[in-house]
Amino acid sequence: MKAIVVTDQAAGTAGMTLTERPEPEPAINDAVVQIHASGFVPTEMEWPSTWTDRLKRDRTPSIPGHELAGVVTALGYGTAGLSVGQRVFGLTDWHRDGTLAEYAAVEARNLAPLPGDVDFTVGASLPISGLTAWQGLFEHGHLQAGQSVLAHGAAGAVGTMVTQLAREAGAYVIGTGRAADRQKALDFGAMEFVDLDNDTLEDVGEVDLVFDVIGGDTQKRSAPLIRAGGILVTVVGPPEARPTHGQAIDFVVESDRAQLGEIVQRVRDGRLRTNIGNVATLDDAVTALNPTERRQGKTIIRVRP
């Protein structure tokens, strides 16, 4: 099968190559999925799991990409809850070969049914962005109606999901980003926007929840804005700053079939829009994943027409 592989951590995405790899075999409780579309997160090149297995052994050449939408073609021994020919989408294990390929072996529990009226390209854009937003807001942030959310990177793939889900839950959302992001953040539901280069972040006043996808100085300036009992949720590693009278929580997104079902249902009924930027073929994936300009939305690799 055709697949994108990486072998050199120092080279990052520039070291990607399109090559032939053996088709995967399903292990116990696995499904093999014929991939129609794949999502990719640029920071994967910095994750240890891209390069080593759980015992810290080198696992290159490895196939990156962890979001997929496709069709089940084979089931491993004991696999339940899925059937051959079923449309699915989901999130693959960090330490296994990923989804920038024609096929991937995935634990069945990490997959959810993809309704027939949702395009594979849309399905592949949902798992990491949607689950990160859902888990950060509701599992870790305990968001309630009437609370306020400061959503950093509000025009990004995760930020647009955070904004929409928080608004639906009855929160007041303040988005942040660069000046060029203002209209997009507002279009996705932010009620206010802070240009981090030119506006004063502190002018937003106190908020109940900060959803941080940036870290660094932005996180440090955000922590004092959290009111008593509030929460700073971050996905960029252990918090460098903590609110005086609140909590700071970092987390790594996990696959969850029920949550994927909630997310895709919202897409179907128009409550949730995806933020897809460039869509490229597998043959053009190396170029698409090494853009010369700033990414606008999520890059999706369409493996099959």
# chains A, B, ... in the order shown; residues from 1 in each chain; ligands from 1

$ closest_atom_pairs --of "range 80-132 of chain A" --to "range 279-301 of chain A" --cutoff "8 Å" --atoms "only C-alpha atoms" --output "CSV"
residue,atom,partner,partner_atom,distance
A:Leu100,CA,A:Leu282,CA,7.4
A:Ala101,CA,A:Leu282,CA,7.6
A:Thr121,CA,A:Ile300,CA,6.8
A:Ala124,CA,A:Ile300,CA,7.2
A:Ser125,CA,A:Ile300,CA,6.9

$ residues_around --residues "Gln34 in chain A" --least-positions-apart "2" --cutoff "10 Å" --atoms "only C-alpha atoms" --output "ChimeraX atom specification"
/A:31-32,36-37,68-74,85,87-88,99,101-105,303-304

$ write_last_selection --atoms "N, CA, C and O atoms" --output "PDB file, in the first residue's frame"
ATOM      1  N   ALA A  31      -9.627  -3.492  14.044  1.00  0.00           N
ATOM      2  CA  ALA A  31     -10.269  -3.426  12.735  1.00  0.00           C
ATOM      3  C   ALA A  31      -9.250  -2.859  11.759  1.00  0.00           C
ATOM      4  O   ALA A  31      -8.480  -1.968  12.117  1.00  0.00           O
ATOM      5  N   VAL A  32      -9.215  -3.386  10.561  1.00  0.00           N
ATOM      6  CA  VAL A  32      -8.439  -2.755   9.491  1.00  0.00           C
ATOM      7  C   VAL A  32      -9.393  -1.852   8.716  1.00  0.00           C
ATOM      8  O   VAL A  32     -10.480  -2.277   8.316  1.00  0.00           O
ATOM      9  N   HIS A  36     -10.241   6.578   3.607  1.00  0.00           N
ATOM     10  CA  HIS A  36     -10.683   7.493   2.562  1.00  0.00           C
ATOM     11  C   HIS A  36     -10.152   8.901   2.803  1.00  0.00           C
ATOM     12  O   HIS A  36      -9.866   9.627   1.853  1.00  0.00           O
ATOM     13  N   ALA A  37     -10.027   9.297   4.062  1.00  0.00           N
ATOM     14  CA  ALA A  37      -9.493  10.619   4.391  1.00  0.00           C
ATOM     15  C   ALA A  37      -8.776  10.549   5.724  1.00  0.00           C
ATOM     16  O   ALA A  37      -9.159   9.800   6.619  1.00  0.00           O
ATOM     17  N   LEU A  68      -8.890   9.479  11.121  1.00  0.00           N
ATOM     18  CA  LEU A  68      -9.264   8.788   9.892  1.00  0.00           C
ATOM     19  C   LEU A  68     -10.760   8.750   9.718  1.00  0.00           C
ATOM     20  O   LEU A  68     -11.534   8.852  10.679  1.00  0.00           O
ATOM     21  N   ALA A  69     -11.145   8.589   8.467  1.00  0.00           N
ATOM     22  CA  ALA A  69     -12.503   8.215   8.102  1.00  0.00           C
ATOM     23  C   ALA A  69     -12.376   7.229   6.947  1.00  0.00           C
ATOM     24  O   ALA A  69     -11.589   7.446   6.023  1.00  0.00           O
ATOM     25  N   GLY A  70     -13.123   6.140   7.029  1.00  0.00           N
ATOM     26  CA  GLY A  70     -12.996   5.137   5.982  1.00  0.00           C
ATOM     27  C   GLY A  70     -13.977   4.000   6.174  1.00  0.00           C
ATOM     28  O   GLY A  70     -15.028   4.162   6.813  1.00  0.00           O
ATOM     29  N   VAL A  71     -13.617   2.831   5.640  1.00  0.00           N
ATOM     30  CA  VAL A  71     -14.513   1.672   5.624  1.00  0.00           C
ATOM     31  C   VAL A  71     -13.767   0.465   6.189  1.00  0.00           C
ATOM     32  O   VAL A  71     -12.627   0.184   5.806  1.00  0.00           O
ATOM     33  N   VAL A  72     -14.416  -0.263   7.094  1.00  0.00           N
ATOM     34  CA  VAL A  72     -13.821  -1.456   7.687  1.00  0.00           C
ATOM     35  C   VAL A  72     -13.698  -2.554   6.634  1.00  0.00           C
ATOM     36  O   VAL A  72     -14.670  -2.880   5.944  1.00  0.00           O
ATOM     37  N   THR A  73     -12.480  -3.123   6.519  1.00  0.00           N
ATOM     38  CA  THR A  73     -12.259  -4.200   5.544  1.00  0.00           C
ATOM     39  C   THR A  73     -11.937  -5.534   6.189  1.00  0.00           C
ATOM     40  O   THR A  73     -12.023  -6.576   5.543  1.00  0.00           O
ATOM     41  N   ALA A  74     -11.528  -5.530   7.463  1.00  0.00           N
ATOM     42  CA  ALA A  74     -11.207  -6.787   8.143  1.00  0.00           C
ATOM     43  C   ALA A  74     -11.314  -6.574   9.651  1.00  0.00           C
ATOM     44  O   ALA A  74     -11.110  -5.461  10.148  1.00  0.00           O
ATOM     45  N   GLY A  85     -17.328  -3.555   5.956  1.00  0.00           N
ATOM     46  CA  GLY A  85     -18.125  -2.715   5.078  1.00  0.00           C
ATOM     47  C   GLY A  85     -18.701  -1.487   5.755  1.00  0.00           C
ATOM     48  O   GLY A  85     -19.294  -0.637   5.086  1.00  0.00           O
ATOM     49  N   ARG A  87     -18.931   2.139   7.488  1.00  0.00           N
ATOM     50  CA  ARG A  87     -18.246   3.445   7.472  1.00  0.00           C
ATOM     51  C   ARG A  87     -17.933   3.842   8.910  1.00  0.00           C
ATOM     52  O   ARG A  87     -18.801   3.800   9.782  1.00  0.00           O
ATOM     53  N   VAL A  88     -16.675   4.245   9.151  1.00  0.00           N
ATOM     54  CA  VAL A  88     -16.246   4.602  10.501  1.00  0.00           C
ATOM     55  C   VAL A  88     -15.355   5.831  10.459  1.00  0.00           C
ATOM     56  O   VAL A  88     -14.830   6.222   9.410  1.00  0.00           O
ATOM     57  N   THR A  99      -2.438   7.103   9.936  1.00  0.00           N
ATOM     58  CA  THR A  99      -3.507   7.132   8.947  1.00  0.00           C
ATOM     59  C   THR A  99      -3.137   7.779   7.608  1.00  0.00           C
ATOM     60  O   THR A  99      -3.984   7.862   6.729  1.00  0.00           O
ATOM     61  N   ALA A 101      -2.034   6.756   4.992  1.00  0.00           N
ATOM     62  CA  ALA A 101      -1.799   5.506   4.275  1.00  0.00           C
ATOM     63  C   ALA A 101      -3.122   5.015   3.715  1.00  0.00           C
ATOM     64  O   ALA A 101      -4.193   5.535   4.043  1.00  0.00           O
ATOM     65  N   GLU A 102      -3.040   3.993   2.876  1.00  0.00           N
ATOM     66  CA  GLU A 102      -4.264   3.471   2.276  1.00  0.00           C
ATOM     67  C   GLU A 102      -5.048   2.591   3.240  1.00  0.00           C
ATOM     68  O   GLU A 102      -6.265   2.445   3.097  1.00  0.00           O
ATOM     69  N   TYR A 103      -4.370   2.000   4.231  1.00  0.00           N
ATOM     70  CA  TYR A 103      -5.027   1.178   5.237  1.00  0.00           C
ATOM     71  C   TYR A 103      -4.378   1.421   6.598  1.00  0.00           C
ATOM     72  O   TYR A 103      -3.204   1.775   6.690  1.00  0.00           O
ATOM     73  N   ALA A 104      -5.131   1.207   7.668  1.00  0.00           N
ATOM     74  CA  ALA A 104      -4.595   1.289   9.022  1.00  0.00           C
ATOM     75  C   ALA A 104      -5.295   0.263   9.893  1.00  0.00           C
ATOM     76  O   ALA A 104      -6.498   0.005   9.729  1.00  0.00           O
ATOM     77  N   ALA A 105      -4.545  -0.317  10.823  1.00  0.00           N
ATOM     78  CA  ALA A 105      -5.115  -1.208  11.831  1.00  0.00           C
ATOM     79  C   ALA A 105      -5.361  -0.380  13.091  1.00  0.00           C
ATOM     80  O   ALA A 105      -4.471   0.315  13.575  1.00  0.00           O
ATOM     81  N   VAL A 303      -7.323  10.269   0.803  1.00  0.00           N
ATOM     82  CA  VAL A 303      -6.582   9.102   0.337  1.00  0.00           C
ATOM     83  C   VAL A 303      -7.255   8.461  -0.861  1.00  0.00           C
ATOM     84  O   VAL A 303      -6.606   7.955  -1.777  1.00  0.00           O
ATOM     85  N   ARG A 304      -8.603   8.474  -0.853  1.00  0.00           N
ATOM     86  CA  ARG A 304      -9.355   7.958  -1.995  1.00  0.00           C
ATOM     87  C   ARG A 304     -10.292   9.032  -2.510  1.00  0.00           C
ATOM     88  O   ARG A 304     -10.809   9.828  -1.729  1.00  0.00           O
TER      89      ARG A 304
END

$ residues_around --residues "range 191-207 of chain A" --least-positions-apart "6" --cutoff "10 Å" --atoms "only C-alpha atoms" --output "MDAnalysis selection string"
chainID A and resid 147:154 163 167 172:183 185 218 221:228 230:232

$ closest_residue --among "A:Pro238, A:Pro22, A:Pro243, A:Pro64" --to "Lys220 in chain A" --atoms "only C-alpha atoms"
A:Pro243

$ residues_around --residues "Leu18 in chain A" --least-positions-apart "5" --cutoff "7 Å" --atoms "only C-alpha atoms" --output "short mmCIF file (atom, residue, chain, number, x, y, z; two decimals) with N, CA, C and O atoms, in the first residue's frame"
data_model
loop_
_atom_site.label_atom_id
_atom_site.label_comp_id
_atom_site.auth_asym_id
_atom_site.auth_seq_id
_atom_site.Cartn_x
_atom_site.Cartn_y
_atom_site.Cartn_z
N LYS A 2 0.32 2.36 -0.49
CA LYS A 2 1.03 3.63 -0.42
C LYS A 2 0.87 4.24 0.96
O LYS A 2 -0.22 4.18 1.55
N ALA A 3 1.94 4.84 1.44
CA ALA A 3 1.89 5.47 2.76
C ALA A 3 2.96 6.55 2.86
O ALA A 3 3.98 6.50 2.17
N ILE A 4 2.70 7.52 3.71
CA ILE A 4 3.69 8.52 4.07
C ILE A 4 4.46 7.99 5.27
O ILE A 4 3.85 7.56 6.27
N VAL A 5 5.80 8.02 5.21
CA VAL A 5 6.59 7.57 6.36
C VAL A 5 7.57 8.66 6.76
O VAL A 5 7.94 9.53 5.96
#

$ atom_distance --atom1 "CA of Leu55 in chain A" --atom2 "CA of Thr132 in chain A"
26.0 Å

$ atom_distance --atom1 "CA of Asp217 in chain A" --atom2 "CA of Gln247 in chain A"
18.0 Å

$ residues_around --residues "Leu272 in chain A" --least-positions-apart "6" --cutoff "9 Å" --atoms "only C-alpha atoms" --output "PDB file with all heavy atoms, in the first residue's frame"
ATOM      1  N   MET A 161     -13.871  24.615  17.305  1.00  0.00           N
ATOM      2  CA  MET A 161     -14.715  23.622  17.978  1.00  0.00           C
ATOM      3  C   MET A 161     -15.030  24.064  19.407  1.00  0.00           C
ATOM      4  O   MET A 161     -16.169  23.938  19.873  1.00  0.00           O
ATOM      5  CB  MET A 161     -14.011  22.260  17.998  1.00  0.00           C
ATOM      6  CG  MET A 161     -13.906  21.601  16.651  1.00  0.00           C
ATOM      7  SD  MET A 161     -15.493  20.899  16.145  1.00  0.00           S
ATOM      8  CE  MET A 161     -15.037  20.163  14.582  1.00  0.00           C
ATOM      9  N   GLN A 164     -17.731  26.831  19.320  1.00  0.00           N
ATOM     10  CA  GLN A 164     -19.090  26.383  18.998  1.00  0.00           C
ATOM     11  C   GLN A 164     -19.704  25.546  20.110  1.00  0.00           C
ATOM     12  O   GLN A 164     -20.882  25.735  20.457  1.00  0.00           O
ATOM     13  CB  GLN A 164     -19.059  25.575  17.697  1.00  0.00           C
ATOM     14  CG  GLN A 164     -18.701  26.392  16.467  1.00  0.00           C
ATOM     15  CD  GLN A 164     -18.564  25.496  15.245  1.00  0.00           C
ATOM     16  OE1 GLN A 164     -19.525  25.263  14.514  1.00  0.00           O
ATOM     17  NE2 GLN A 164     -17.377  24.969  15.026  1.00  0.00           N
ATOM     18  N   LEU A 165     -18.923  24.620  20.681  1.00  0.00           N
ATOM     19  CA  LEU A 165     -19.465  23.764  21.734  1.00  0.00           C
ATOM     20  C   LEU A 165     -19.749  24.562  23.003  1.00  0.00           C
ATOM     21  O   LEU A 165     -20.747  24.321  23.695  1.00  0.00           O
ATOM     22  CB  LEU A 165     -18.493  22.617  22.029  1.00  0.00           C
ATOM     23  CG  LEU A 165     -18.371  21.552  20.926  1.00  0.00           C
ATOM     24  CD1 LEU A 165     -17.244  20.579  21.259  1.00  0.00           C
ATOM     25  CD2 LEU A 165     -19.686  20.799  20.741  1.00  0.00           C
ATOM     26  N   ILE A 263     -20.484  14.375  18.708  1.00  0.00           N
ATOM     27  CA  ILE A 263     -19.899  15.395  17.832  1.00  0.00           C
ATOM     28  C   ILE A 263     -20.444  15.280  16.413  1.00  0.00           C
ATOM     29  O   ILE A 263     -20.857  16.273  15.798  1.00  0.00           O
ATOM     30  CB  ILE A 263     -18.359  15.266  17.857  1.00  0.00           C
ATOM     31  CG1 ILE A 263     -17.827  15.709  19.234  1.00  0.00           C
ATOM     32  CG2 ILE A 263     -17.719  16.104  16.747  1.00  0.00           C
ATOM     33  CD1 ILE A 263     -16.410  15.245  19.520  1.00  0.00           C
ATOM     34  N   VAL A 264     -20.473  14.050  15.873  1.00  0.00           N
ATOM     35  CA  VAL A 264     -20.912  13.904  14.484  1.00  0.00           C
ATOM     36  C   VAL A 264     -22.406  14.189  14.353  1.00  0.00           C
ATOM     37  O   VAL A 264     -22.870  14.681  13.308  1.00  0.00           O
ATOM     38  CB  VAL A 264     -20.541  12.510  13.932  1.00  0.00           C
ATOM     39  CG1 VAL A 264     -21.491  11.414  14.407  1.00  0.00           C
ATOM     40  CG2 VAL A 264     -20.493  12.541  12.403  1.00  0.00           C
ATOM     41  N   GLN A 265     -23.182  13.926  15.405  1.00  0.00           N
ATOM     42  CA  GLN A 265     -24.601  14.262  15.355  1.00  0.00           C
ATOM     43  C   GLN A 265     -24.797  15.766  15.234  1.00  0.00           C
ATOM     44  O   GLN A 265     -25.685  16.240  14.524  1.00  0.00           O
ATOM     45  CB  GLN A 265     -25.333  13.722  16.589  1.00  0.00           C
ATOM     46  CG  GLN A 265     -26.830  14.004  16.592  1.00  0.00           C
ATOM     47  CD  GLN A 265     -27.545  13.451  15.370  1.00  0.00           C
ATOM     48  OE1 GLN A 265     -27.293  12.304  14.977  1.00  0.00           O
ATOM     49  NE2 GLN A 265     -28.398  14.242  14.740  1.00  0.00           N
ATOM     50  N   ARG A 266     -23.965  16.528  15.936  1.00  0.00           N
ATOM     51  CA  ARG A 266     -24.039  17.991  15.851  1.00  0.00           C
ATOM     52  C   ARG A 266     -23.663  18.492  14.457  1.00  0.00           C
ATOM     53  O   ARG A 266     -24.191  19.499  13.990  1.00  0.00           O
ATOM     54  CB  ARG A 266     -23.140  18.624  16.918  1.00  0.00           C
ATOM     55  CG  ARG A 266     -23.762  18.561  18.314  1.00  0.00           C
ATOM     56  CD  ARG A 266     -22.733  18.793  19.413  1.00  0.00           C
ATOM     57  NE  ARG A 266     -23.381  18.948  20.716  1.00  0.00           N
ATOM     58  CZ  ARG A 266     -23.888  17.933  21.415  1.00  0.00           C
ATOM     59  NH1 ARG A 266     -23.824  16.699  20.939  1.00  0.00           N
ATOM     60  NH2 ARG A 266     -24.467  18.162  22.584  1.00  0.00           N
TER      61      ARG A 266
END

$ select_by_dssp --residues "range 149-188 of chain A" --states "strand (DSSP E)" --output "JSON, numbers by chain"
{"A": [149, 150, 151, 172, 173, 174, 175, 176, 177]}

$ write_last_selection --atoms "N, CA and C atoms" --output "PDB file, in the first residue's frame"
ATOM      1  N   VAL A 149     -15.837  31.817  28.814  1.00  0.00           N
ATOM      2  CA  VAL A 149     -14.699  31.046  28.323  1.00  0.00           C
ATOM      3  C   VAL A 149     -13.782  31.966  27.519  1.00  0.00           C
ATOM      4  N   LEU A 150     -12.497  31.930  27.845  1.00  0.00           N
ATOM      5  CA  LEU A 150     -11.474  32.596  27.039  1.00  0.00           C
ATOM      6  C   LEU A 150     -10.821  31.516  26.188  1.00  0.00           C
ATOM      7  N   ALA A 151     -11.103  31.543  24.879  1.00  0.00           N
ATOM      8  CA  ALA A 151     -10.649  30.494  23.964  1.00  0.00           C
ATOM      9  C   ALA A 151      -9.480  31.005  23.139  1.00  0.00           C
ATOM     10  N   TYR A 172     -20.459  32.313  27.502  1.00  0.00           N
ATOM     11  CA  TYR A 172     -20.050  33.534  26.810  1.00  0.00           C
ATOM     12  C   TYR A 172     -18.600  33.334  26.392  1.00  0.00           C
ATOM     13  N   VAL A 173     -18.326  33.413  25.081  1.00  0.00           N
ATOM     14  CA  VAL A 173     -17.009  33.048  24.561  1.00  0.00           C
ATOM     15  C   VAL A 173     -16.255  34.269  24.050  1.00  0.00           C
ATOM     16  N   ILE A 174     -15.033  34.417  24.569  1.00  0.00           N
ATOM     17  CA  ILE A 174     -14.104  35.441  24.093  1.00  0.00           C
ATOM     18  C   ILE A 174     -12.977  34.713  23.374  1.00  0.00           C
ATOM     19  N   GLY A 175     -12.812  34.989  22.088  1.00  0.00           N
ATOM     20  CA  GLY A 175     -11.769  34.334  21.312  1.00  0.00           C
ATOM     21  C   GLY A 175     -10.523  35.185  21.221  1.00  0.00           C
ATOM     22  N   THR A 176      -9.386  34.538  21.011  1.00  0.00           N
ATOM     23  CA  THR A 176      -8.138  35.265  20.791  1.00  0.00           C
ATOM     24  C   THR A 176      -7.423  34.720  19.560  1.00  0.00           C
ATOM     25  N   GLY A 177      -6.456  35.489  19.094  1.00  0.00           N
ATOM     26  CA  GLY A 177      -5.649  35.082  17.951  1.00  0.00           C
ATOM     27  C   GLY A 177      -4.943  36.283  17.369  1.00  0.00           C
TER      28      GLY A 177
END

$ select_by_dssp --residues "range 24-194 of chain A" --states "alpha helix (DSSP H)" --output "mmCIF file with N, CA and C atoms, in the first residue's frame"
data_model
loop_
_atom_site.group_PDB
_atom_site.id
_atom_site.type_symbol
_atom_site.label_atom_id
_atom_site.label_comp_id
_atom_site.auth_asym_id
_atom_site.auth_seq_id
_atom_site.Cartn_x
_atom_site.Cartn_y
_atom_site.Cartn_z
ATOM 1 N N PHE A 120 -16.465 11.738 4.068
ATOM 2 C CA PHE A 120 -15.248 11.232 4.693
ATOM 3 C C PHE A 120 -14.287 12.368 5.057
ATOM 4 N N THR A 121 -14.211 13.390 4.209
ATOM 5 C CA THR A 121 -13.319 14.525 4.503
ATOM 6 C C THR A 121 -13.730 15.208 5.800
ATOM 7 N N VAL A 122 -15.012 15.393 5.981
ATOM 8 C CA VAL A 122 -15.515 15.995 7.223
ATOM 9 C C VAL A 122 -15.243 15.064 8.400
ATOM 10 N N GLY A 123 -15.519 13.770 8.215
ATOM 11 C CA GLY A 123 -15.289 12.811 9.288
ATOM 12 C C GLY A 123 -13.858 12.801 9.782
ATOM 13 N N ALA A 124 -12.897 12.907 8.862
ATOM 14 C CA ALA A 124 -11.486 12.879 9.248
ATOM 15 C C ALA A 124 -11.044 14.151 9.957
ATOM 16 N N SER A 125 -11.831 15.210 9.840
ATOM 17 C CA SER A 125 -11.457 16.481 10.474
ATOM 18 C C SER A 125 -11.927 16.580 11.918
ATOM 19 N N PRO A 127 -12.005 14.017 14.761
ATOM 20 C CA PRO A 127 -11.608 13.336 15.994
ATOM 21 C C PRO A 127 -10.734 14.138 16.955
ATOM 22 N N ILE A 128 -9.586 14.619 16.528
ATOM 23 C CA ILE A 128 -8.710 15.314 17.481
ATOM 24 C C ILE A 128 -9.294 16.663 17.875
ATOM 25 N N SER A 129 -9.719 17.456 16.908
ATOM 26 C CA SER A 129 -10.249 18.784 17.218
ATOM 27 C C SER A 129 -11.515 18.686 18.054
ATOM 28 N N GLY A 130 -12.438 17.820 17.632
ATOM 29 C CA GLY A 130 -13.711 17.711 18.329
ATOM 30 C C GLY A 130 -13.576 17.129 19.721
ATOM 31 N N LEU A 131 -12.811 16.040 19.840
ATOM 32 C CA LEU A 131 -12.648 15.413 21.149
ATOM 33 C C LEU A 131 -11.844 16.289 22.106
ATOM 34 N N THR A 132 -10.828 16.983 21.586
ATOM 35 C CA THR A 132 -10.052 17.882 22.440
ATOM 36 C C THR A 132 -10.948 18.967 23.016
ATOM 37 N N ALA A 133 -11.767 19.566 22.168
ATOM 38 C CA ALA A 133 -12.673 20.613 22.634
ATOM 39 C C ALA A 133 -13.679 20.057 23.630
ATOM 40 N N TRP A 134 -14.280 18.915 23.307
ATOM 41 C CA TRP A 134 -15.310 18.323 24.166
ATOM 42 C C TRP A 134 -14.731 17.987 25.540
ATOM 43 N N ALA A 157 -8.240 24.915 14.301
ATOM 44 C CA ALA A 157 -9.073 23.715 14.203
ATOM 45 C C ALA A 157 -9.710 23.366 15.548
ATOM 46 N N VAL A 158 -8.930 23.438 16.631
ATOM 47 C CA VAL A 158 -9.485 23.166 17.954
ATOM 48 C C VAL A 158 -10.308 24.349 18.435
ATOM 49 N N GLY A 159 -9.781 25.556 18.258
ATOM 50 C CA GLY A 159 -10.445 26.746 18.773
ATOM 51 C C GLY A 159 -11.844 26.960 18.232
ATOM 52 N N THR A 160 -12.061 26.663 16.959
ATOM 53 C CA THR A 160 -13.406 26.827 16.400
ATOM 54 C C THR A 160 -14.378 25.807 16.989
ATOM 55 N N MET A 161 -13.871 24.615 17.305
ATOM 56 C CA MET A 161 -14.715 23.622 17.978
ATOM 57 C C MET A 161 -15.030 24.064 19.407
ATOM 58 N N VAL A 162 -14.019 24.566 20.115
ATOM 59 C CA VAL A 162 -14.223 25.052 21.478
ATOM 60 C C VAL A 162 -15.297 26.133 21.491
ATOM 61 N N THR A 163 -15.184 27.085 20.570
ATOM 62 C CA THR A 163 -16.125 28.194 20.520
ATOM 63 C C THR A 163 -17.551 27.709 20.300
ATOM 64 N N GLN A 164 -17.731 26.831 19.320
ATOM 65 C CA GLN A 164 -19.090 26.383 18.998
ATOM 66 C C GLN A 164 -19.704 25.546 20.110
ATOM 67 N N LEU A 165 -18.923 24.620 20.681
ATOM 68 C CA LEU A 165 -19.465 23.764 21.734
ATOM 69 C C LEU A 165 -19.749 24.562 23.003
ATOM 70 N N ALA A 166 -18.881 25.530 23.301
ATOM 71 C CA ALA A 166 -19.110 26.356 24.488
ATOM 72 C C ALA A 166 -20.348 27.233 24.313
ATOM 73 N N ARG A 167 -20.514 27.803 23.128
ATOM 74 C CA ARG A 167 -21.699 28.619 22.863
ATOM 75 C C ARG A 167 -22.965 27.780 22.989
ATOM 76 N N GLU A 168 -22.939 26.574 22.429
ATOM 77 C CA GLU A 168 -24.111 25.708 22.504
ATOM 78 C C GLU A 168 -24.453 25.377 23.957
ATOM 79 N N ARG A 182 -9.643 37.567 13.342
ATOM 80 C CA ARG A 182 -10.806 38.148 14.016
ATOM 81 C C ARG A 182 -12.129 37.711 13.393
ATOM 82 N N GLN A 183 -12.289 37.931 12.098
ATOM 83 C CA GLN A 183 -13.581 37.658 11.481
ATOM 84 C C GLN A 183 -13.933 36.182 11.524
ATOM 85 N N LYS A 184 -12.934 35.330 11.316
ATOM 86 C CA LYS A 184 -13.205 33.892 11.347
ATOM 87 C C LYS A 184 -13.657 33.459 12.739
ATOM 88 N N ALA A 185 -12.982 33.959 13.779
ATOM 89 C CA ALA A 185 -13.369 33.616 15.149
ATOM 90 C C ALA A 185 -14.795 34.076 15.442
ATOM 91 N N LEU A 186 -15.140 35.268 14.989
ATOM 92 C CA LEU A 186 -16.502 35.774 15.203
ATOM 93 C C LEU A 186 -17.517 34.968 14.402
ATOM 94 N N ASP A 187 -17.145 34.578 13.187
ATOM 95 C CA ASP A 187 -18.044 33.781 12.350
ATOM 96 C C ASP A 187 -18.361 32.426 12.992
#

$ closest_residue --among "A:Gly170, A:Gly78, A:Pro239, A:Pro305" --to "Ile28 in chain A" --atoms "only C-alpha atoms"
A:Gly78

$ residues_around --residues "Thr60 in chain A" --least-positions-apart "3" --cutoff "7 Å" --atoms "only C-alpha atoms" --output "mmCIF file with C-alpha atoms, in the first residue's frame"
data_model
loop_
_atom_site.group_PDB
_atom_site.id
_atom_site.type_symbol
_atom_site.label_atom_id
_atom_site.label_comp_id
_atom_site.auth_asym_id
_atom_site.auth_seq_id
_atom_site.Cartn_x
_atom_site.Cartn_y
_atom_site.Cartn_z
ATOM 1 C CA VAL A 6 9.018 9.468 8.562
ATOM 2 C CA THR A 7 12.453 8.286 9.705
ATOM 3 C CA TRP A 51 9.359 7.765 16.915
#

$ decode --residues "range 6-18 of chain A" --atoms "N, CA and C atoms" --output "JSON list (two decimals), in the first residue's frame"
[["chain", "number", "residue", "atom", "x", "y", "z"],
["A", 6, "VAL", "N", 7.98, 8.58, 8.03],
["A", 6, "VAL", "CA", 9.02, 9.47, 8.56],
["A", 6, "VAL", "C", 10.08, 8.61, 9.23],
["A", 7, "THR", "N", 11.34, 9.03, 9.11],
["A", 7, "THR", "CA", 12.45, 8.29, 9.71],
["A", 7, "THR", "C", 13.40, 9.18, 10.48],
["A", 8, "ASP", "N", 13.32, 10.49, 10.27],
["A", 8, "ASP", "CA", 14.29, 11.43, 10.83],
["A", 8, "ASP", "C", 13.58, 12.48, 11.66],
["A", 9, "GLN", "N", 13.70, 12.40, 12.98],
["A", 9, "GLN", "CA", 12.98, 13.33, 13.85],
["A", 9, "GLN", "C", 13.43, 14.76, 13.64],
["A", 10, "ALA", "N", 14.71, 14.95, 13.40],
["A", 10, "ALA", "CA", 15.24, 16.30, 13.22],
["A", 10, "ALA", "C", 14.67, 16.96, 11.96],
["A", 11, "ALA", "N", 14.33, 16.16, 10.95],
["A", 11, "ALA", "CA", 13.83, 16.71, 9.68],
["A", 11, "ALA", "C", 12.36, 17.11, 9.78],
["A", 12, "GLY", "N", 11.63, 16.56, 10.74],
["A", 12, "GLY", "CA", 10.21, 16.90, 10.89],
["A", 12, "GLY", "C", 9.41, 16.55, 9.66],
["A", 13, "THR", "N", 8.43, 17.39, 9.34],
["A", 13, "THR", "CA", 7.58, 17.11, 8.18],
["A", 13, "THR", "C", 8.36, 17.15, 6.87],
["A", 14, "ALA", "N", 9.48, 17.89, 6.85],
["A", 14, "ALA", "CA", 10.29, 17.95, 5.64],
["A", 14, "ALA", "C", 10.91, 16.60, 5.31],
["A", 15, "GLY", "N", 10.97, 15.70, 6.29],
["A", 15, "GLY", "CA", 11.54, 14.37, 6.07],
["A", 15, "GLY", "C", 10.53, 13.33, 5.63],
["A", 16, "MET", "N", 9.27, 13.77, 5.40],
["A", 16, "MET", "CA", 8.25, 12.82, 4.96],
["A", 16, "MET", "C", 8.53, 12.30, 3.55],
["A", 17, "THR", "N", 8.25, 11.03, 3.33],
["A", 17, "THR", "CA", 8.36, 10.46, 1.98],
["A", 17, "THR", "C", 7.15, 9.57, 1.71],
["A", 18, "LEU", "N", 6.75, 9.51, 0.45],
["A", 18, "LEU", "CA", 5.68, 8.62, 0.02],
["A", 18, "LEU", "C", 6.31, 7.34, -0.48]]
